[in-house]
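Engineer: This structure is in structure tokens; I'll ask about it shortly.
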Amino acid sequence: MHILIAPNAFKNSLSATDAANAIQCGLQLSGLKCTSTCFPIADGGDGTGSLIIEHCKGAIIKKEVSDPLGRQITSQFGLIDGGKTAIIEMADASGLRLLKLDELNPLKTSSYGTGELIRFALDAGVSKIIIAMGGSATVDGGCGILSALGVKFFDGDKQPLETIPQQLVNFATMDVSSIDTRIFDCEVVVLCDVNNKLLGPPGFCGCFRAAKGRKC
């Protein structure tokens, strides 16, 4: 008998690779007559990017970027397909795991660091970017990413806004004239395990308001 061991990560406990290795070790200790192969998987959350890079035998590029609160950290992205495709894990720059428990406040966090990784990937000359979107510490709707790529956000008085939800509630207009146009020539693929709209009656906000007995 041959057993394929393909677990996802055990959040806040074991990575998918560690979980697979632990299961394989348990099988060996059990005395069961079998062979096994470890093939850890992911669903777009923490560890997805690392697994893709590992399975595709890609290269890891280290870069300094902003964490969810704007502090400088060392993050990374991967290059596969001979350097044509970048693998970016949002959690590596804008993830929950980068914050302490008393720092968890989605109104004050940004995806700006993920945008910086995208910019570094464009500098590397990629034609495709795969983004594993899970494990994020922010709900800025990608405004931080856009800001890192040159988009500017303003309130109703034409005053610039910091791309954190606490300020974005005052968003009125944006200026895309300085956007990094290289992104338009690059295929962008987002990996996630949900398909849920944010706005409108069928979205999260609409369902929340309906549950509270409010009209959308």
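Chains: A, B, ... in order of the structure tokens. Residues: from 1 per chain. Ligands: from 1, in order shown.
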For Ser110 of chain A, list every protein, DNA or RNA residue within 7 Å, evaluated using only C-alpha atoms, and leave out those in the same chain fewer than 4 positions away; present the list as a PyMOL selection string.
Structural biologist: chain A and resi 68-69+94+138+140+144+163-164
Engineer: Which residues are near segment 47-59 of chain A? Cut-off 10 Å, only C-alpha atoms, ignore same chain within fewer than 6 positions. Put them as a compact mmCIF listing (two decimals) with all heavy atoms, in the first residue's frame.
Structural biologist:
# COMPACT_ATOMS: atom_id res chain seq x y z
N ASN A 8 -2.97 20.35 4.61
CA ASN A 8 -2.82 21.80 4.63
C ASN A 8 -2.11 22.14 5.95
O ASN A 8 -1.88 21.27 6.79
CB ASN A 8 -4.20 22.46 4.57
CG ASN A 8 -4.13 23.92 4.18
OD1 ASN A 8 -3.07 24.54 4.20
ND2 ASN A 8 -5.28 24.49 3.83
N ALA A 9 -1.77 23.41 6.13
CA ALA A 9 -1.14 23.84 7.37
C ALA A 9 -2.13 23.75 8.53
O ALA A 9 -3.33 23.89 8.35
CB ALA A 9 -0.62 25.27 7.23
N SER A 15 3.30 24.04 10.00
CA SER A 15 3.22 24.31 8.57
C SER A 15 2.76 23.04 7.86
O SER A 15 2.77 21.94 8.45
CB SER A 15 4.60 24.72 8.03
OG SER A 15 5.50 23.62 8.06
N ALA A 16 2.34 23.16 6.60
CA ALA A 16 1.89 21.99 5.86
C ALA A 16 3.01 20.96 5.74
O ALA A 16 2.78 19.75 5.85
CB ALA A 16 1.40 22.41 4.47
N THR A 17 4.23 21.43 5.54
CA THR A 17 5.38 20.52 5.42
C THR A 17 5.64 19.80 6.73
O THR A 17 5.85 18.58 6.76
CB THR A 17 6.64 21.30 5.00
OG1 THR A 17 6.42 21.89 3.71
CG2 THR A 17 7.85 20.39 4.92
N PHE A 39 3.26 15.34 0.16
CA PHE A 39 2.97 16.38 -0.82
C PHE A 39 2.10 17.43 -0.15
O PHE A 39 0.88 17.47 -0.33
CB PHE A 39 2.26 15.81 -2.05
CG PHE A 39 2.25 16.75 -3.22
CD1 PHE A 39 3.26 16.71 -4.17
CD2 PHE A 39 1.24 17.69 -3.37
CE1 PHE A 39 3.25 17.58 -5.26
CE2 PHE A 39 1.22 18.57 -4.44
CZ PHE A 39 2.23 18.50 -5.39
N PRO A 40 2.70 18.29 0.71
CA PRO A 40 1.92 19.31 1.43
C PRO A 40 1.23 20.26 0.46
O PRO A 40 1.77 20.58 -0.61
CB PRO A 40 2.98 20.03 2.27
CG PRO A 40 4.28 19.73 1.61
CD PRO A 40 4.14 18.37 1.01
N ILE A 41 0.03 20.70 0.83
CA ILE A 41 -0.76 21.58 -0.04
C ILE A 41 -1.15 22.85 0.71
O ILE A 41 -0.87 22.98 1.90
CB ILE A 41 -2.03 20.87 -0.55
CG1 ILE A 41 -2.93 20.47 0.64
CG2 ILE A 41 -1.67 19.64 -1.38
CD1 ILE A 41 -4.28 19.92 0.24
N GLN A 76 10.11 38.50 1.20
CA GLN A 76 10.63 37.77 0.06
C GLN A 76 9.54 37.51 -0.98
O GLN A 76 8.35 37.60 -0.69
CB GLN A 76 11.20 36.43 0.52
CG GLN A 76 10.14 35.48 1.09
CD GLN A 76 10.73 34.17 1.59
OE1 GLN A 76 11.81 34.14 2.17
NE2 GLN A 76 10.01 33.08 1.35
N PHE A 77 9.98 37.21 -2.19
CA PHE A 77 9.11 36.65 -3.22
C PHE A 77 9.91 35.61 -3.97
O PHE A 77 11.13 35.52 -3.81
CB PHE A 77 8.55 37.73 -4.15
CG PHE A 77 9.56 38.42 -5.02
CD1 PHE A 77 9.82 37.98 -6.31
CD2 PHE A 77 10.26 39.53 -4.56
CE1 PHE A 77 10.74 38.62 -7.13
CE2 PHE A 77 11.19 40.18 -5.35
CZ PHE A 77 11.43 39.72 -6.65
N GLY A 78 9.23 34.80 -4.76
CA GLY A 78 9.91 33.75 -5.50
C GLY A 78 9.84 33.96 -6.99
O GLY A 78 8.95 34.64 -7.50
N LEU A 79 10.79 33.39 -7.69
CA LEU A 79 10.81 33.39 -9.15
C LEU A 79 10.82 31.95 -9.65
O LEU A 79 11.65 31.15 -9.23
CB LEU A 79 12.03 34.13 -9.68
CG LEU A 79 12.09 35.65 -9.45
CD1 LEU A 79 13.42 36.21 -9.94
CD2 LEU A 79 10.94 36.36 -10.13
N ILE A 80 9.87 31.63 -10.52
CA ILE A 80 9.81 30.31 -11.15
C ILE A 80 9.71 30.50 -12.67
O ILE A 80 9.72 31.63 -13.16
CB ILE A 80 8.62 29.48 -10.63
CG1 ILE A 80 7.28 30.17 -10.97
CG2 ILE A 80 8.73 29.28 -9.11
CD1 ILE A 80 6.05 29.32 -10.64
N ASP A 81 9.61 29.40 -13.39
CA ASP A 81 9.49 29.45 -14.87
C ASP A 81 10.65 30.23 -15.48
O ASP A 81 10.46 31.05 -16.38
CB ASP A 81 8.16 30.08 -15.30
CG ASP A 81 6.95 29.29 -14.86
OD1 ASP A 81 7.10 28.07 -14.64
OD2 ASP A 81 5.87 29.87 -14.72
N GLY A 82 11.85 29.98 -14.98
CA GLY A 82 13.00 30.65 -15.54
C GLY A 82 13.01 32.15 -15.31
O GLY A 82 13.59 32.90 -16.10
N GLY A 83 12.37 32.57 -14.22
CA GLY A 83 12.33 34.00 -13.90
C GLY A 83 11.19 34.76 -14.54
O GLY A 83 11.07 35.97 -14.36
N THR A 85 7.90 34.17 -13.94
CA THR A 85 6.75 34.24 -13.05
C THR A 85 7.21 34.51 -11.62
O THR A 85 8.12 33.85 -11.12
CB THR A 85 5.94 32.94 -13.08
OG1 THR A 85 5.47 32.70 -14.41
CG2 THR A 85 4.74 33.01 -12.13
N ALA A 86 6.56 35.48 -10.97
CA ALA A 86 6.85 35.78 -9.56
C ALA A 86 5.77 35.17 -8.69
O ALA A 86 4.58 35.20 -9.03
CB ALA A 86 6.91 37.29 -9.34
N ILE A 87 6.17 34.62 -7.55
CA ILE A 87 5.25 34.09 -6.56
C ILE A 87 5.33 35.00 -5.34
O ILE A 87 6.38 35.13 -4.71
CB ILE A 87 5.61 32.65 -6.15
CG1 ILE A 87 5.71 31.75 -7.39
CG2 ILE A 87 4.59 32.12 -5.16
CD1 ILE A 87 4.42 31.58 -8.15
N ILE A 88 4.22 35.65 -5.01
CA ILE A 88 4.17 36.56 -3.86
C ILE A 88 3.14 36.07 -2.86
O ILE A 88 1.99 35.81 -3.22
CB ILE A 88 3.81 37.99 -4.32
CG1 ILE A 88 4.93 38.57 -5.19
CG2 ILE A 88 3.55 38.90 -3.12
CD1 ILE A 88 4.62 39.93 -5.78
N GLU A 89 3.57 35.92 -1.63
CA GLU A 89 2.66 35.53 -0.56
C GLU A 89 2.35 36.77 0.27
O GLU A 89 3.23 37.35 0.91
CB GLU A 89 3.29 34.45 0.31
CG GLU A 89 2.34 33.89 1.33
CD GLU A 89 2.82 32.58 1.92
OE1 GLU A 89 3.21 31.68 1.14
OE2 GLU A 89 2.82 32.47 3.14
N MET A 90 1.09 37.19 0.23
CA MET A 90 0.70 38.42 0.92
C MET A 90 1.07 38.38 2.40
O MET A 90 1.45 39.40 2.98
CB MET A 90 -0.79 38.65 0.75
CG MET A 90 -1.26 40.01 1.23
SD MET A 90 -2.96 40.35 0.73
CE MET A 90 -3.14 42.03 1.35
N ALA A 91 0.96 37.21 3.01
CA ALA A 91 1.27 37.09 4.43
C ALA A 91 2.72 37.39 4.75
O ALA A 91 3.06 37.71 5.89
CB ALA A 91 0.91 35.68 4.92
N ASP A 92 3.61 37.31 3.76
CA ASP A 92 5.02 37.59 3.98
C ASP A 92 5.30 39.08 4.16
O ASP A 92 6.34 39.46 4.69
CB ASP A 92 5.87 37.07 2.81
CG ASP A 92 6.04 35.55 2.84
OD1 ASP A 92 5.86 34.96 3.92
OD2 ASP A 92 6.34 34.97 1.78
N ILE A 130 1.83 35.65 -9.45
CA ILE A 130 0.84 34.85 -8.73
C ILE A 130 0.88 35.30 -7.28
O ILE A 130 1.93 35.25 -6.63
CB ILE A 130 1.15 33.35 -8.84
CG1 ILE A 130 1.08 32.91 -10.32
CG2 ILE A 130 0.18 32.53 -8.00
CD1 ILE A 130 1.48 31.46 -10.55
N ILE A 131 -0.27 35.75 -6.76
CA ILE A 131 -0.34 36.27 -5.40
C ILE A 131 -1.20 35.33 -4.54
O ILE A 131 -2.38 35.13 -4.83
CB ILE A 131 -0.95 37.68 -5.35
CG1 ILE A 131 -0.17 38.64 -6.27
CG2 ILE A 131 -0.96 38.21 -3.92
CD1 ILE A 131 -0.80 40.02 -6.38
N ALA A 132 -0.60 34.77 -3.49
CA ALA A 132 -1.36 33.99 -2.51
C ALA A 132 -1.90 34.99 -1.49
O ALA A 132 -1.15 35.61 -0.75
CB ALA A 132 -0.45 32.96 -1.83
N MET A 133 -3.22 35.17 -1.46
CA MET A 133 -3.83 36.31 -0.80
C MET A 133 -4.22 36.07 0.66
O MET A 133 -4.64 36.98 1.36
CB MET A 133 -5.07 36.74 -1.60
CG MET A 133 -5.60 38.12 -1.30
SD MET A 133 -4.43 39.44 -1.67
CE MET A 133 -4.55 39.54 -3.46
N GLY A 134 -4.08 34.84 1.16
CA GLY A 134 -4.55 34.55 2.51
C GLY A 134 -3.63 35.06 3.61
O GLY A 134 -2.50 35.46 3.38
N GLY A 135 -4.14 35.02 4.83
CA GLY A 135 -3.36 35.40 5.99
C GLY A 135 -3.14 36.88 6.15
O GLY A 135 -2.27 37.32 6.91
N LEU A 191 -4.63 33.78 -5.77
CA LEU A 191 -5.02 32.49 -5.20
C LEU A 191 -5.71 32.71 -3.86
O LEU A 191 -5.17 33.37 -2.97
CB LEU A 191 -3.77 31.62 -4.97
CG LEU A 191 -2.88 31.36 -6.19
CD1 LEU A 191 -1.71 30.47 -5.78
CD2 LEU A 191 -3.67 30.72 -7.33
N CYS A 192 -6.93 32.20 -3.73
CA CYS A 192 -7.66 32.30 -2.47
C CYS A 192 -8.68 31.17 -2.41
O CYS A 192 -8.94 30.52 -3.42
CB CYS A 192 -8.34 33.66 -2.31
SG CYS A 192 -9.63 33.96 -3.53
Engineer: Neighbouring residues of Gln167 of chain A were defined as those with any atom within 9 Å, considering only C-alpha atoms; residues of the same chain fewer than 6 positions away were excluded. Please report them as a VMD selection string.
Structural biologist: chain A and resid 107 to 108 155 161
Engineer: Save out the residues we just selected, N, CA and C atoms, as a PDB file, in the first residue's frame.
Structural biologist:
ATOM      1  N   LEU A 107      -8.151  48.437  11.183  1.00  0.00           N
ATOM      2  CA  LEU A 107      -8.359  49.824  10.766  1.00  0.00           C
ATOM      3  C   LEU A 107      -7.040  50.568  10.570  1.00  0.00           C
ATOM      4  N   LYS A 108      -5.951  50.010  11.106  1.00  0.00           N
ATOM      5  CA  LYS A 108      -4.666  50.707  11.060  1.00  0.00           C
ATOM      6  C   LYS A 108      -3.616  49.991  10.215  1.00  0.00           C
ATOM      7  N   ASP A 155      -9.394  62.705  -0.092  1.00  0.00           N
ATOM      8  CA  ASP A 155     -10.718  62.865   0.494  1.00  0.00           C
ATOM      9  C   ASP A 155     -11.506  63.916  -0.287  1.00  0.00           C
ATOM     10  N   LEU A 161      -4.797  60.868   1.392  1.00  0.00           N
ATOM     11  CA  LEU A 161      -5.153  59.923   2.436  1.00  0.00           C
ATOM     12  C   LEU A 161      -4.082  58.849   2.573  1.00  0.00           C
TER      13      LEU A 161
END
Engineer: Run DSSP on the backbone and give me the residues of segment 142-174 of chain A it puts in alpha helix (DSSP H), as an MDAnalysis selection string.
Structural biologist: chainID A and resid 143:148 165:168
